Amino acid sequence: MKKITERDELLAFVAEQYYEEDKKQTEIAEMVELTRSAVSRMLTEAREKGIVEIVIHHPFQYDQNLEEKLRTAFNLEHVAVVVFQDQPSYDDLRNRLGKAASRLLASLIKPGYRVGLSWGTTVQATIEAYEPHPVKDTKVVQLVGVLGSTRHSYSAQILVERLAEKINGEGRYLYAPFLVENEETAETLLEDPVVKQAVSGGDNCDLALMGVGTIKPAYCSLFQGGHISSQELKAIRAAGAVGDVTGLYYDKEGELLQIPFHRHRIGMALEDILQITTRVGVAGSAEKAEAVLGALCGGYINSLVTDNLTAIRVLELAHTTCQLDS
């Protein structure tokens, strides 16, 4: 445990007077018998030491018209469409969607819930933005295996750990690799009692938060992270894939593909994922529109957090792909 020093106590006092009591730095300087510039440096030091944390709650604008169109078109439970006036950078898009998704997630998690998590950079942004708030008797369940031997910040194991800490819940982990060398190894692992129990642990989830992946190399986390080769990605794309949820690849109509990749995957089966009552997908960018549409058409997700530009493109594609009414 970190030792609290007299200096830290003084920094906390100065910060309280400035941020909570709304006193001027000159007033505080007189109280502690220091110069105003010394007080200014102390406020900076308090932030650097983590004694003071500044949280900015960015005001979001949501497009309720697009939300209703998506809800009606795909019979969705929950929809959040964040408005961007101009095309954002992918990092900005991901961070803003993560904040919006964290607010939805906080409203959905109830005492006694089991929350399933997949992996991905947008899911990571959601967990990072989630404000700590204990929820009684909760469990956070890892839906897919570990991404290699390196601790990736967006891997499901890390995200389960972080969310469990934030809601004071219990983490349920899947200590097996996400991808193995061959089908025989996968079958052996899935028969292992510990792995089998972990994989089936998602059966009773009340809620799942999942990213939507794409087969476009620049936006494919599996490829960018070095977990699959360019040849493997080309083979998946050649089979007709447009995207994936938890590493389960589907075509533009949402049909699960029968490809060798799935037989090397360690994670919750599709039929079990579909048993989860609320399945929240968070994804955005025009590059992912086709993948988002496939996930919606196939029912992989029944709730969605996205942006207005992606929503418009998804609805446009849906009229030809899913034969939606105009």
# chains A, B, ... in the order shown; residues from 1 in each chain; ligands from 1
$ residues_around --residues "segment 281-291 of chain A" --least-positions-apart "2" --cutoff "6 Å" --atoms "only C-alpha atoms" --output "ChimeraX atom specification"
/A:210-212,214,242-243,293-294,301,304-307,310,314
$ select_by_dssp --residues "segment 5-108 of chain A" --states "helix (DSSP H, G or I)" --output "JSON, numbers by chain"
{"A": [6, 7, 8, 9, 10, 11, 12, 13, 14, 15, 16, 17, 18, 19, 20, 25, 26, 27, 28, 29, 30, 31, 32, 36, 37, 38, 39, 40, 41, 42, 43, 44, 45, 46, 47, 48, 64, 65, 66, 67, 68, 69, 70, 71, 72, 73, 74, 90, 91, 92, 93, 94, 95, 96, 97, 98, 99, 100, 101, 102, 103, 104, 105, 106, 107, 108]}
$ atom_distance --atom1 "atom CA of Ser200 of chain A" --atom2 "atom CA of Ala269 of chain A"
8.5 Å
$ closest_residue --among "A:Gln87, A:Thr185, A:Ser155, A:Gln61" --to "Tyr173 of chain A" --atoms "only C-alpha atoms"
A:Ser155
$ residues_around --residues "Ala101 of chain A" --least-positions-apart "3" --cutoff "9 Å" --atoms "only C-alpha atoms" --output "list in words"
Ala80, Arg96, Leu97, Gly98, Leu104, Leu105, Ala106, Val123, Ala125, Thr126, Ile127, Ala129, Tyr130, Val280, Gly281, Val282, Leu304, Val305 and Thr306 of chain A
$ residues_around --residues "segment 140-148 of chain A" --least-positions-apart "2" --cutoff "8 Å" --atoms "only C-alpha atoms" --output "ChimeraX atom specification"
/A:114-119,138,150-152,155-157,160,163-164,169-179,198-199,201-202,205,227,246,266-268
$ write_last_selection --atoms "C-alpha atoms" --output "PDB file, in the first residue's frame"
ATOM      1  CA  ARG A 114     -23.492 -12.134 -15.827  1.00  0.00           C
ATOM      2  CA  VAL A 115     -21.854  -9.921 -18.447  1.00  0.00           C
ATOM      3  CA  GLY A 116     -20.017 -11.546 -21.374  1.00  0.00           C
ATOM      4  CA  LEU A 117     -17.154  -9.767 -23.140  1.00  0.00           C
ATOM      5  CA  SER A 118     -15.394 -10.403 -26.415  1.00  0.00           C
ATOM      6  CA  TRP A 119     -12.222  -8.612 -27.475  1.00  0.00           C
ATOM      7  CA  THR A 138     -22.102  -9.509 -10.787  1.00  0.00           C
ATOM      8  CA  THR A 150       1.365 -11.166 -25.427  1.00  0.00           C
ATOM      9  CA  ARG A 151      -0.948  -9.207 -23.124  1.00  0.00           C
ATOM     10  CA  HIS A 152      -2.830  -7.121 -25.671  1.00  0.00           C
ATOM     11  CA  SER A 155      -7.795  -8.941 -25.442  1.00  0.00           C
ATOM     12  CA  ALA A 156     -10.854 -10.371 -23.720  1.00  0.00           C
ATOM     13  CA  GLN A 157      -8.896 -11.529 -20.662  1.00  0.00           C
ATOM     14  CA  VAL A 160     -12.806  -8.909 -18.287  1.00  0.00           C
ATOM     15  CA  LEU A 163     -14.630  -4.369 -16.058  1.00  0.00           C
ATOM     16  CA  ALA A 164     -14.775  -6.739 -13.091  1.00  0.00           C
ATOM     17  CA  GLY A 169     -17.665  -8.144  -9.853  1.00  0.00           C
ATOM     18  CA  GLU A 170     -16.103 -11.568 -10.233  1.00  0.00           C
ATOM     19  CA  GLY A 171     -14.109 -12.320 -13.382  1.00  0.00           C
ATOM     20  CA  ARG A 172     -14.642 -15.659 -15.128  1.00  0.00           C
ATOM     21  CA  TYR A 173     -11.680 -16.413 -17.382  1.00  0.00           C
ATOM     22  CA  LEU A 174     -11.024 -18.702 -20.318  1.00  0.00           C
ATOM     23  CA  TYR A 175      -7.395 -19.801 -19.982  1.00  0.00           C
ATOM     24  CA  ALA A 176      -6.944 -21.127 -23.495  1.00  0.00           C
ATOM     25  CA  PRO A 177      -5.666 -19.600 -26.734  1.00  0.00           C
ATOM     26  CA  PHE A 178      -8.183 -18.054 -29.104  1.00  0.00           C
ATOM     27  CA  LEU A 179      -6.596 -19.780 -32.098  1.00  0.00           C
ATOM     28  CA  ALA A 198     -15.302 -21.756 -19.166  1.00  0.00           C
ATOM     29  CA  VAL A 199     -16.642 -21.837 -22.722  1.00  0.00           C
ATOM     30  CA  GLY A 201     -19.966 -20.261 -18.812  1.00  0.00           C
ATOM     31  CA  GLY A 202     -21.370 -17.761 -21.256  1.00  0.00           C
ATOM     32  CA  CYS A 205     -25.047 -14.504 -19.531  1.00  0.00           C
ATOM     33  CA  HIS A 227      -2.846 -13.251 -35.079  1.00  0.00           C
ATOM     34  CA  THR A 246     -16.224 -13.105 -31.511  1.00  0.00           C
ATOM     35  CA  ILE A 266     -11.612 -21.545 -28.961  1.00  0.00           C
ATOM     36  CA  GLY A 267     -14.621 -19.634 -27.740  1.00  0.00           C
ATOM     37  CA  MET A 268     -18.330 -19.661 -27.156  1.00  0.00           C
TER      38      MET A 268
END
$ select_by_dssp --residues "segment 26-81 of chain A" --states "strand (DSSP E or B)" --output "count of residues only"
5
$ residues_around --residues "segment 40-56 of chain A" --least-positions-apart "3" --cutoff "7 Å" --atoms "only C-alpha atoms" --output "PDB file with C-alpha atoms, in the first residue's frame"
ATOM      1  CA  LEU A  11      -1.495  18.721  -2.093  1.00  0.00           C
ATOM      2  CA  ALA A  12      -4.951  17.290  -1.416  1.00  0.00           C
ATOM      3  CA  ALA A  15      -6.632  20.911  -4.538  1.00  0.00           C
ATOM      4  CA  ARG A  36       0.788  31.917  -5.697  1.00  0.00           C
ATOM      5  CA  SER A  37       3.269  30.340  -8.147  1.00  0.00           C
TER       6      SER A  37
END
